[in-house]
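Raw protein_28.csv, CSV, C-alpha atoms and all ligand atoms:
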chain,number,residue,atom,x,y,z
A,26,SER,CA,0.0,0.0,0.0
A,27,HIS,CA,3.0,2.3,0.7
A,28,ASP,CA,4.2,1.8,-2.8
A,29,LEU,CA,0.9,2.8,-4.3
A,30,ARG,CA,0.0,5.6,-1.9
A,31,THR,CA,3.3,7.4,-1.7
A,32,PRO,CA,3.6,8.2,-5.4
A,33,LEU,CA,-0.1,8.9,-5.7
A,34,ALA,CA,0.0,11.4,-2.8
A,35,SER,CA,3.1,13.0,-4.3
A,36,ILE,CA,1.5,13.3,-7.7
A,37,LYS,CA,-1.7,14.7,-6.2
A,38,ALA,CA,0.2,17.3,-4.1
A,39,THR,CA,2.3,18.5,-7.1
A,40,VAL,CA,-0.6,18.8,-9.4
A,41,THR,CA,-2.7,20.6,-6.8
A,42,SER,CA,0.1,23.0,-6.2
A,43,LEU,CA,0.5,23.6,-10.0
A,44,LEU,CA,-3.2,24.2,-10.4
A,45,HIS,CA,-3.7,26.5,-7.5
A,46,ALA,CA,-0.6,28.6,-7.6
A,47,GLU,CA,0.1,28.8,-11.3
A,48,SER,CA,1.6,32.3,-11.2
A,49,ALA,CA,3.7,31.5,-8.1
A,50,HIS,CA,6.0,29.1,-10.0
A,51,SER,CA,8.8,30.1,-12.3
A,52,PRO,CA,8.9,28.2,-15.6
A,53,GLU,CA,11.9,26.2,-14.3
A,54,ALA,CA,10.1,25.3,-11.0
A,55,ARG,CA,7.1,24.2,-13.0
A,56,ARG,CA,9.3,22.1,-15.2
A,57,GLU,CA,10.9,20.4,-12.2
A,58,LEU,CA,7.6,19.7,-10.6
A,59,LEU,CA,6.2,18.2,-13.9
A,60,GLN,CA,9.3,16.1,-14.2
A,61,ALA,CA,8.8,14.7,-10.7
A,62,VAL,CA,5.2,13.9,-11.7
A,63,ASP,CA,6.5,12.2,-14.8
A,64,GLU,CA,8.9,10.0,-12.8
A,65,GLU,CA,6.3,9.1,-10.1
A,66,THR,CA,3.9,8.1,-12.8
A,67,ASP,CA,6.4,5.8,-14.4
A,68,ARG,CA,7.1,4.2,-11.1
A,69,LEU,CA,3.4,3.7,-10.4
A,70,ASN,CA,3.0,2.3,-13.9
A,71,THR,CA,5.7,-0.3,-13.3
A,72,PHE,CA,4.4,-1.2,-9.9
A,73,VAL,CA,0.8,-1.6,-11.1
A,74,GLY,CA,2.1,-3.7,-14.0
A,75,ALA,CA,3.9,-5.9,-11.6
A,76,LEU,CA,0.8,-6.3,-9.3
A,77,LEU,CA,-1.3,-7.2,-12.3
A,78,ASP,CA,1.3,-9.8,-13.5
A,79,ILE,CA,1.6,-11.5,-10.1
A,80,SER,CA,-2.3,-11.5,-9.7
A,81,ARG,CA,-2.7,-13.1,-13.1
A,82,LEU,CA,0.0,-15.7,-12.4
A,83,GLU,CA,-1.5,-16.5,-9.0
A,84,ALA,CA,-5.0,-16.9,-10.5
A,85,GLY,CA,-3.7,-19.1,-13.2
A,86,ALA,CA,-4.9,-16.5,-15.7
A,87,TRP,CA,-1.6,-15.9,-17.4
A,88,GLN,CA,-0.7,-19.3,-18.8
A,89,PRO,CA,2.5,-19.4,-20.9
A,90,GLU,CA,2.0,-19.5,-24.6
A,91,LYS,CA,5.0,-21.6,-25.3
A,92,ASP,CA,6.8,-21.7,-28.6
A,93,TRP,CA,10.3,-22.7,-29.7
A,94,PHE,CA,12.8,-19.9,-29.1
A,95,ASP,CA,16.4,-19.3,-29.6
A,96,LEU,CA,17.5,-18.3,-26.0
A,97,VAL,CA,20.0,-15.9,-27.5
A,98,ASP,CA,17.0,-13.9,-28.9
A,99,VAL,CA,15.1,-13.9,-25.6
A,100,VAL,CA,18.2,-12.7,-23.8
A,101,GLY,CA,19.0,-10.2,-26.5
A,102,THR,CA,15.6,-8.6,-26.1
A,103,VAL,CA,16.2,-8.3,-22.4
A,104,LEU,CA,19.6,-6.6,-23.0
A,105,GLY,CA,18.1,-4.3,-25.5
A,106,ARG,CA,16.0,-2.7,-22.7
A,107,LEU,CA,19.2,-1.8,-20.8
A,108,SER,CA,21.2,1.3,-21.2
A,109,ASP,CA,24.5,0.9,-23.1
A,110,ARG,CA,26.4,1.3,-19.9
A,111,GLU,CA,24.4,-1.4,-18.2
A,112,SER,CA,24.4,-3.9,-21.0
A,113,ALA,CA,28.2,-3.4,-21.3
A,114,ARG,CA,28.4,-5.0,-17.8
A,115,VAL,CA,26.5,-8.1,-18.8
A,116,GLN,CA,28.5,-11.1,-19.9
A,117,VAL,CA,26.4,-13.7,-21.8
A,118,GLN,CA,27.6,-17.3,-22.2
A,119,ILE,CA,25.2,-19.4,-24.3
A,120,PRO,CA,26.6,-22.3,-26.3
A,121,PRO,CA,25.9,-21.9,-30.1
A,122,ASP,CA,24.5,-25.5,-30.2
A,123,LEU,CA,22.0,-24.9,-27.4
A,124,PRO,CA,18.7,-26.4,-28.7
A,125,LEU,CA,15.6,-24.2,-29.2
A,126,VAL,CA,13.9,-23.7,-25.8
A,127,PRO,CA,10.1,-24.1,-25.3
A,128,VAL,CA,9.1,-20.9,-23.5
A,129,ASP,CA,6.6,-18.0,-23.7
A,130,GLY,CA,9.2,-15.5,-24.9
A,131,ILE,CA,7.4,-12.5,-23.3
A,132,GLN,CA,7.0,-14.2,-19.9
A,133,MET,CA,10.5,-15.7,-19.8
A,134,GLY,CA,12.0,-12.4,-21.0
A,135,GLN,CA,10.2,-10.7,-18.1
A,136,ALA,CA,11.5,-13.3,-15.6
A,137,ILE,CA,15.1,-12.9,-16.9
A,138,TRP,CA,14.7,-9.1,-16.9
A,139,ASN,CA,13.7,-9.1,-13.2
A,140,LEU,CA,16.8,-11.2,-12.3
A,141,VAL,CA,19.2,-9.1,-14.5
A,142,GLU,CA,17.8,-5.8,-13.2
A,143,ASN,CA,18.3,-7.0,-9.6
A,144,ALA,CA,21.8,-8.3,-10.4
A,145,LEU,CA,22.8,-4.9,-11.9
A,146,LYS,CA,21.4,-2.9,-9.0
A,147,PHE,CA,23.2,-4.9,-6.4
A,148,SER,CA,26.6,-5.3,-8.2
A,149,PRO,CA,28.6,-2.1,-7.7
A,150,PRO,CA,29.6,-0.8,-11.2
A,151,PRO,CA,31.7,-1.7,-13.1
A,152,ARG,CA,31.5,-5.2,-11.7
A,153,PRO,CA,30.0,-7.7,-14.2
A,154,VAL,CA,26.7,-9.6,-14.2
A,155,GLU,CA,26.8,-13.0,-15.9
A,156,ILE,CA,24.1,-14.9,-17.7
A,157,GLN,CA,25.0,-18.5,-18.4
A,158,ALA,CA,22.8,-21.1,-20.1
A,159,TYR,CA,23.3,-24.7,-21.1
A,160,ALA,CA,21.6,-28.0,-21.3
A,161,ALA,CA,22.2,-29.5,-17.8
A,162,ASP,CA,21.0,-32.8,-19.4
A,163,PRO,CA,18.9,-33.6,-22.5
A,164,GLU,CA,15.7,-32.8,-20.6
A,165,THR,CA,16.8,-29.7,-18.6
A,166,LEU,CA,17.8,-26.2,-19.5
A,167,ARG,CA,19.8,-24.4,-16.8
A,168,ILE,CA,19.9,-20.6,-16.9
A,169,ALA,CA,22.0,-18.8,-14.2
A,170,VAL,CA,22.2,-15.1,-13.5
A,171,SER,CA,25.1,-14.2,-11.2
A,172,ASP,CA,26.2,-11.0,-9.7
A,173,CYS,CA,28.9,-9.5,-7.5
A,174,GLY,CA,26.6,-7.9,-4.9
A,175,PRO,CA,26.1,-8.6,-1.2
A,176,GLY,CA,24.5,-12.0,-1.7
A,177,ILE,CA,21.4,-13.2,0.1
A,178,PRO,CA,21.4,-13.4,3.9
A,179,PRO,CA,21.7,-17.0,4.8
A,180,GLY,CA,18.4,-18.6,5.6
A,181,GLU,CA,16.4,-16.1,3.4
A,182,GLU,CA,17.2,-17.7,0.0
A,183,GLY,CA,13.7,-19.2,-0.2
A,184,ARG,CA,11.7,-16.3,1.3
A,185,ILE,CA,12.9,-13.8,-1.2
A,186,PHE,CA,10.6,-15.3,-3.7
A,187,GLU,CA,7.6,-14.5,-1.6
A,188,LYS,CA,5.4,-11.6,-2.7
A,189,PHE,CA,6.4,-8.3,-1.1
A,190,TYR,CA,9.3,-10.0,0.8
A,191,ARG,CA,12.4,-7.9,1.4
A,192,VAL,CA,15.5,-9.3,2.9
A,193,SER,CA,16.3,-8.2,6.5
A,194,GLY,CA,18.2,-4.9,6.4
A,195,ASP,CA,17.7,-4.8,2.6
A,196,ARG,CA,21.1,-3.6,1.4
A,197,ARG,CA,20.0,-2.1,-1.9
A,198,PRO,CA,21.9,1.0,-3.0
A,199,GLU,CA,20.2,4.2,-1.9
A,200,GLY,CA,17.3,5.4,-4.0
A,201,VAL,CA,16.8,2.1,-5.8
A,202,PRO,CA,13.1,1.4,-5.9
A,203,GLY,CA,11.4,-2.0,-5.6
A,204,ALA,CA,8.3,-3.5,-4.0
A,205,GLY,CA,9.4,-7.0,-3.5
A,206,LEU,CA,7.5,-8.4,-6.5
A,207,GLY,CA,10.2,-9.0,-9.1
A,208,LEU,CA,11.3,-12.4,-7.8
A,209,ALA,CA,7.8,-13.5,-7.0
A,210,ILE,CA,6.9,-12.9,-10.7
A,211,ALA,CA,10.1,-14.7,-11.9
A,212,ARG,CA,9.1,-17.7,-9.8
A,213,GLY,CA,5.5,-17.6,-11.0
A,214,VAL,CA,6.7,-17.6,-14.6
A,215,VAL,CA,9.2,-20.4,-14.1
A,216,GLU,CA,6.8,-22.6,-12.3
A,217,ALA,CA,4.1,-22.0,-14.9
A,218,HIS,CA,6.7,-23.4,-17.3
A,219,GLY,CA,7.0,-26.5,-15.2
A,220,GLY,CA,10.4,-25.3,-14.0
A,221,ARG,CA,12.1,-24.4,-10.7
A,222,ILE,CA,14.1,-21.4,-9.5
A,223,ARG,CA,16.4,-21.0,-6.6
A,224,ALA,CA,18.9,-18.5,-5.2
A,225,MET,CA,22.3,-19.3,-3.8
A,226,ASN,CA,25.3,-17.4,-2.6
A,227,ARG,CA,28.5,-17.6,-4.6
A,228,PRO,CA,31.7,-18.8,-2.8
A,229,GLY,CA,33.5,-15.6,-3.7
A,230,GLY,CA,30.6,-13.2,-2.8
A,231,GLY,CA,27.5,-12.3,-4.7
A,232,ALA,CA,24.3,-14.2,-5.6
A,233,THR,CA,23.4,-16.7,-8.3
A,234,PHE,CA,19.8,-17.2,-9.4
A,235,GLU,CA,19.3,-20.6,-11.1
A,236,LEU,CA,16.4,-21.5,-13.4
A,237,LEU,CA,15.8,-25.1,-14.4
A,238,LEU,CA,13.4,-25.5,-17.2
A,239,PRO,CA,12.1,-28.6,-19.1
A,240,LEU,CA,13.6,-28.7,-22.6
A,241,ARG,CA,11.1,-31.3,-23.8
A,242,PRO,CA,7.7,-30.6,-22.3
A,243,PRO,CA,5.5,-33.6,-23.1
A,244,GLU,CA,2.6,-31.3,-24.3
A,245,MET,CA,4.7,-29.7,-27.1
A,246,PRO,CA,5.5,-31.2,-30.5
A,247,PRO,CA,9.2,-30.9,-31.3
A,248,PRO,CA,10.4,-27.8,-33.0
A,249,ARG,CA,10.0,-27.4,-36.7
A,250,ASP,CA,13.6,-27.6,-37.6
A,251,ILE,CA,14.0,-31.1,-36.3
A,252,GLU,CA,10.6,-32.2,-37.6
A,253,GLU,CA,10.1,-34.2,-40.8
A,254,PRO,CA,9.3,-31.7,-43.6
A,255,ASP,CA,5.5,-31.7,-44.1
A,256,GLU,CA,3.8,-30.0,-47.0
A,257,GLU,CA,0.6,-29.3,-45.1
A,258,ASP,CA,2.5,-27.7,-42.2
A,259,ALA,CA,4.6,-25.5,-44.4
A,260,ASP,CA,2.6,-22.4,-44.2
A,261,ALA,CA,0.6,-23.0,-41.0
A,262,GLY,CA,0.8,-20.1,-38.6
B,301,LIG,P1,12.5,-5.7,-5.3
B,301,LIG,O1,11.7,-5.3,-6.5
B,301,LIG,O2,12.0,-5.0,-4.1
B,301,LIG,O3,14.0,-5.7,-5.4
B,301,LIG,P2,12.5,-8.6,-5.5
B,301,LIG,O4,11.4,-9.5,-5.5
B,301,LIG,O5,13.2,-8.4,-6.8
B,301,LIG,O6,12.0,-7.2,-4.9
B,301,LIG,O7,13.6,-9.0,-4.4
B,301,LIG,C1,13.2,-9.5,-3.1
B,301,LIG,C2,14.3,-9.3,-2.1
B,301,LIG,O8,15.5,-10.0,-2.4
B,301,LIG,C3,14.6,-7.8,-1.9
B,301,LIG,O9,14.8,-7.5,-0.5
B,301,LIG,C4,16.0,-7.7,-2.6
B,301,LIG,O10,16.8,-6.7,-1.9
B,301,LIG,C5,16.6,-9.1,-2.5
B,301,LIG,N1,17.4,-9.4,-3.7
B,301,LIG,C6,16.9,-9.6,-4.9
B,301,LIG,N2,17.9,-9.9,-5.8
B,301,LIG,C7,19.0,-9.8,-5.1
B,301,LIG,C8,20.4,-9.9,-5.5
B,301,LIG,N3,20.8,-10.2,-6.7
B,301,LIG,N4,21.3,-9.7,-4.5
B,301,LIG,C9,21.0,-9.4,-3.2
B,301,LIG,N5,19.7,-9.3,-2.8
B,301,LIG,C10,18.7,-9.4,-3.8
Can the structure from this file be put into structure tokens for me?
Ligand code: ADP
Amino acid sequence: SHDLRTPLASIKATVTSLLHAESAHSPEARRELLQAVDEETDRLNTFVGALLDISRLEAGAWQPEKDWFDLVDVVGTVLGRLSDRESARVQVQIPPDLPLVPVDGIQMGQAIWNLVENALKFSPPPRPVEIQAYAADPETLRIAVSDCGPGIPPGEEGRIFEKFYRVSGDRRPEGVPGAGLGLAIARGVVEAHGGRIRAMNRPGGGATFELLLPLRPPEMPPPRDIEEPDEEDADAG
């Protein structure tokens, strides 16, 4: 409720002040106030989007629409949302022979985004964030996002996936927002894909978030490129 009410109260107060004291504000002051409203509105929008995502996942109303994806493309879309400076810190290791992966590209992109965003905000620049993926066995894809941050307080590695949960003495850098929904959404997406997610601390410091996803879900026909060519299928959407 704090995450909804604080920006709303601030937007309301700013707009009221602009409306009622129009002549009292210099053009620069007006601009600054409007900029603050703009930022608060973006923050609210992100928060409401996350609330809707978690509600739909929990209600089973956001089922993954899986298709066969090249994981490089899914990760590439995530990196494309970062600034140049942020994406320069991300090291991606995906073997070229990794098979196509059966995911909902939008959902899995969102889950990976949530992990990468956390990893970047907790790793002091210019320390890197690593994304690794490989087939742990013929049935299982392993994706790991690792950072050089403070790690997770021992004993809280499971609880951080709970909705609204924040680690004790949350050591996020000052001013970094967050409502404790990112990891709950990532877990919801991974579990809706029949997979598992867990967090662990790295021996040298920092955290790793590991996703294990089925590579051959029984309900999905194999990807086209390993299917026998079939005339009738050729132009099916
Ligand atoms: P938020 O959006 O508030 O960061 P998350 O669901 O993403 O919420 O994270 C839940 C909790 O786990 C928060 O307290 C956050 O500080 C902590 N956390 C998440 N990722 C990391 C990380 N990579 N390193 C250390 N702590 C983390």
Exercise for the section: Choose the residue, out of A:Pro52, A:Gly213, A:Gly74, A:Pro120, that has the smallest atom-to-atom separation from Gln132 of chain A; count only C-alpha atoms. Expected result: A:Gly213
Exercise for the section: Name each residue within 9 Å of ligand LIG 301 (chain B), counting only C-alpha atoms and all ligand atoms, as a ChimeraX atom specification. Expected result: /A:139-148,170-178,181-182,184-197,201-211,224,226,231-234
Exercise for the section: Enter the distance from atom CA of Glu155 of chain A to atom CA of Ile168 of chain A, in Å, rounded to one decimal. Expected result: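 Separation between atom CA of Glu155 of chain A and atom CA of Ile168 of chain A: 10.3 Å.
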Taking only residues of segment 120-148 of chain A that have an atom at most 9 Å from an atom of segment 93-106 of chain A, what is each one's shortest atom pair and its distance in Å to one decimal, using only C-alpha atoms, in chain and number order, as a Markdown table?
| residue | atom | partner | partner_atom | distance |
| --- | --- | --- | --- | --- |
| A:Pro121 | CA | A:Val97 | CA | 8.8 |
| A:Leu123 | CA | A:Leu96 | CA | 8.1 |
| A:Pro124 | CA | A:Asp95 | CA | 7.5 |
| A:Leu125 | CA | A:Asp95 | CA | 5.0 |
| A:Val126 | CA | A:Phe94 | CA | 5.2 |
| A:Pro127 | CA | A:Trp93 | CA | 4.6 |
| A:Val128 | CA | A:Trp93 | CA | 6.6 |
| A:Asp129 | CA | A:Phe94 | CA | 8.4 |
| A:Gly130 | CA | A:Val99 | CA | 6.2 |
| A:Ile131 | CA | A:Val99 | CA | 8.2 |
| A:Met133 | CA | A:Val99 | CA | 7.6 |
| A:Gly134 | CA | A:Val99 | CA | 5.7 |
| A:Gln135 | CA | A:Val103 | CA | 7.8 |
| A:Ile137 | CA | A:Val103 | CA | 7.3 |
| A:Trp138 | CA | A:Val103 | CA | 5.8 |
| A:Val141 | CA | A:Val103 | CA | 8.5 |
Handout entry: Closest of A:Leu166, A:Ala86, A:Ile222, A:Ala161 to Leu238 of chain A - atom-to-atom distances counting all atoms listed in the file
Key = A:Leu166
Exercise for the section: Give me, please, the distance in Å between atom CA of Leu58 of chain A and atom CA of Ala38 of chain A, quoted to one decimal. Expected result: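 Separation of atom CA of Leu58 of chain A and atom CA of Ala38 of chain A: 10.1 Å.
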Practice task
List the neighbours of His218 of chain A out to 8 Å using only C-alpha atoms; skip same-chain residues closer than 2 positions along the sequence, and give me the result as a list in words.
Solution key: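 After dropping sequence-adjacent residues, the list is Pro89, Val128, Val214, Val215, Glu216, Gly220, Leu238 and Pro239 of chain A.
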Problem - One-decimal distance in Å that lies between atom CA of Leu44 of chain A and atom CA of Leu69 of chain A - result: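 Between atom CA of Leu69 of chain A and atom CA of Leu44 of chain A the gap works out to 21.5 Å.
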As a PDB file with C-alpha atoms, in the frame of the given file, please: the residues near Leu29 of chain A (cut-off 12 Å, all atoms listed in the file, same-chain neighbours under 5 positions excluded).
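What ended up in out-v8.pdb:
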ATOM      1  CA  ALA A  34       0.000  11.400  -2.800  1.00  0.00           C
ATOM      2  CA  SER A  35       3.100  13.000  -4.300  1.00  0.00           C
ATOM      3  CA  ILE A  36       1.500  13.300  -7.700  1.00  0.00           C
ATOM      4  CA  GLU A  65       6.300   9.100 -10.100  1.00  0.00           C
ATOM      5  CA  THR A  66       3.900   8.100 -12.800  1.00  0.00           C
ATOM      6  CA  ASP A  67       6.400   5.800 -14.400  1.00  0.00           C
ATOM      7  CA  ARG A  68       7.100   4.200 -11.100  1.00  0.00           C
ATOM      8  CA  LEU A  69       3.400   3.700 -10.400  1.00  0.00           C
ATOM      9  CA  ASN A  70       3.000   2.300 -13.900  1.00  0.00           C
ATOM     10  CA  THR A  71       5.700  -0.300 -13.300  1.00  0.00           C
ATOM     11  CA  PHE A  72       4.400  -1.200  -9.900  1.00  0.00           C
ATOM     12  CA  VAL A  73       0.800  -1.600 -11.100  1.00  0.00           C
ATOM     13  CA  GLY A  74       2.100  -3.700 -14.000  1.00  0.00           C
ATOM     14  CA  ALA A  75       3.900  -5.900 -11.600  1.00  0.00           C
ATOM     15  CA  LEU A  76       0.800  -6.300  -9.300  1.00  0.00           C
ATOM     16  CA  GLY A 203      11.400  -2.000  -5.600  1.00  0.00           C
ATOM     17  CA  ALA A 204       8.300  -3.500  -4.000  1.00  0.00           C
TER      18      ALA A 204
END
Exercise for the section: Could you give me, as a PyMOL selection string, the residues within 9 Å of Lys37 of chain A, counting all atoms listed in the file and dropping anything in the same chain fewer than 5 positions from it? Expected result: chain A and resi 32+42+62
Exercise for the section: Name the closest residue to Pro246 of chain A among the candidates A:Lys91, A:Leu107, A:Gly183, A:Leu33; distances are taken between atoms, counting only C-alpha atoms. Expected result: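 Checking each candidate against Pro246 of chain A, we get A:Lys91 as the closest.
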